[in-house]
Structure formats: structure tokens, C-alpha cells
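Here is the structure we will look at, set down as C-alpha cells.
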Amino acid sequence: MKTFAIELKNAEDAVKLVTVTSEFAYEIELKSGDMLADGKSIMGAMAMTGKPSLELVVHAEQCEDLLKELEDFLCGGERPANP
């Protein structure tokens, strides 16, 4: 599992994110504080739009192909996993 800081500014960003994440077989989640949403769900992504400290949680060890497609949303490198 890998976690990355991302930013979704508007509905257009949410649609683009879901369009990309839906192409990948592994589980992808969006997390902000105690909120957790399916990263392949348009409703989940819309609910996370504009949230501070938004994280993309990828349940795969190799996800460079996904990150390349989402580079416009990334706000830095990988975050350490929560203990």
C-alpha cells in the first residue's frame, strides 16, 4: 500500500481522476481525515473535492503508471504509511 498527497480543486478534477483510476485493477481510495471514499467512484471523488490533506491510497506496490497519469494532482512524494 502506498499513500500520496493529492489535490482535487473542482468537479472537472474529480471526473479526470475517476476516469484514470478506473483503468487500473488494484484498489484505490481517497482519504481526508476520517473520511474514506472509493477512488474509482465519481460520487466519492466529488465528495472529496476541495478537502484539505487529501490522500490517494493505492493498494499496490507498483503504481508508477498510475502516478504518471495523475501527476497534475500530486502534491509531493509518497507519504509514510500510518503505523
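Each chain of the C-alpha cells is named A, B, ... in the order shown, its residues numbered from 1; ligands are numbered from 1 in display order.
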
Problem - Members of chain A assigned strand (DSSP E or B) by DSSP, as a VMD selection string - result: chain A and resid 2 to 6 28 to 32 35 to 38 55 to 58 74 to 79

Handout entry: 6 Å contact set for Lys40 of chain A, only C-alpha atoms, chain neighbours under 5 positions out, as a ChimeraX atom specification
Key = /A:18,21-22

Problem - Close residues, segment 4-12 of chain A itself excluded, 8 Å, only C-alpha atoms, min 3 positions apart in chain, as number ranges by chain - result: A: 15-16, 46, 48-57, 73-79

Handout entry: Those of chain A in DSSP helix (DSSP H, G or I), formatted as a PyMOL selection string
Key = chain A and resi 11-21+42-48+64-69

What lies within 8 Å of Leu17 of chain A using only C-alpha atoms, ignoring chain neighbours under 5 positions off, as a compact mmCIF listing (two decimals) with all heavy atoms, in the first residue's frame?
```txt
# COMPACT_ATOMS: atom_id res chain seq x y z
N GLY A 39 -11.74 5.48 -4.73
CA GLY A 39 -11.07 6.34 -5.70
C GLY A 39 -11.52 6.11 -7.13
O GLY A 39 -11.08 6.81 -8.03
N LYS A 40 -12.40 5.15 -7.34
CA LYS A 40 -12.94 4.88 -8.68
C LYS A 40 -14.41 5.29 -8.78
O LYS A 40 -15.06 5.04 -9.78
CB LYS A 40 -12.79 3.40 -9.01
CG LYS A 40 -11.34 2.95 -9.05
CD LYS A 40 -11.23 1.48 -9.36
CE LYS A 40 -9.77 1.04 -9.32
NZ LYS A 40 -9.62 -0.37 -9.67
N ALA A 45 -15.27 10.77 -5.30
CA ALA A 45 -14.31 11.81 -5.68
C ALA A 45 -14.93 13.20 -5.55
O ALA A 45 -14.28 14.14 -5.08
CB ALA A 45 -13.81 11.57 -7.10
N LEU A 70 -1.55 10.72 -13.17
CA LEU A 70 -2.16 11.63 -12.18
C LEU A 70 -1.20 12.71 -11.70
O LEU A 70 -1.49 13.38 -10.71
CB LEU A 70 -2.66 10.82 -10.97
CG LEU A 70 -3.79 9.83 -11.24
CD1 LEU A 70 -4.16 9.10 -9.97
CD2 LEU A 70 -5.01 10.53 -11.83
```

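Across the structure, atom CA of Leu66 of chain A and atom CA of Ala25 of chain A are spaced 10.8 Å apart.
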
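Interatomic distance, atom CA of Glu69 of chain A to atom CA of Tyr26 of chain A: 15.1 Å.
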
Practice task
List the neighbours of Met35 of chain A out to 10 Å using only C-alpha atoms; skip same-chain residues closer than 2 positions along the sequence, and give me the result as a list in words.
Solution key: Leu30, Lys31, Ser32, Gly33, Ala37, Gly44, Ala47, Met48, Lys51 and Leu54 of chain A

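Taking atom CA of Asp34 of chain A as the reference point, atom CA of Asp65 of chain A is found at 27.8 Å.
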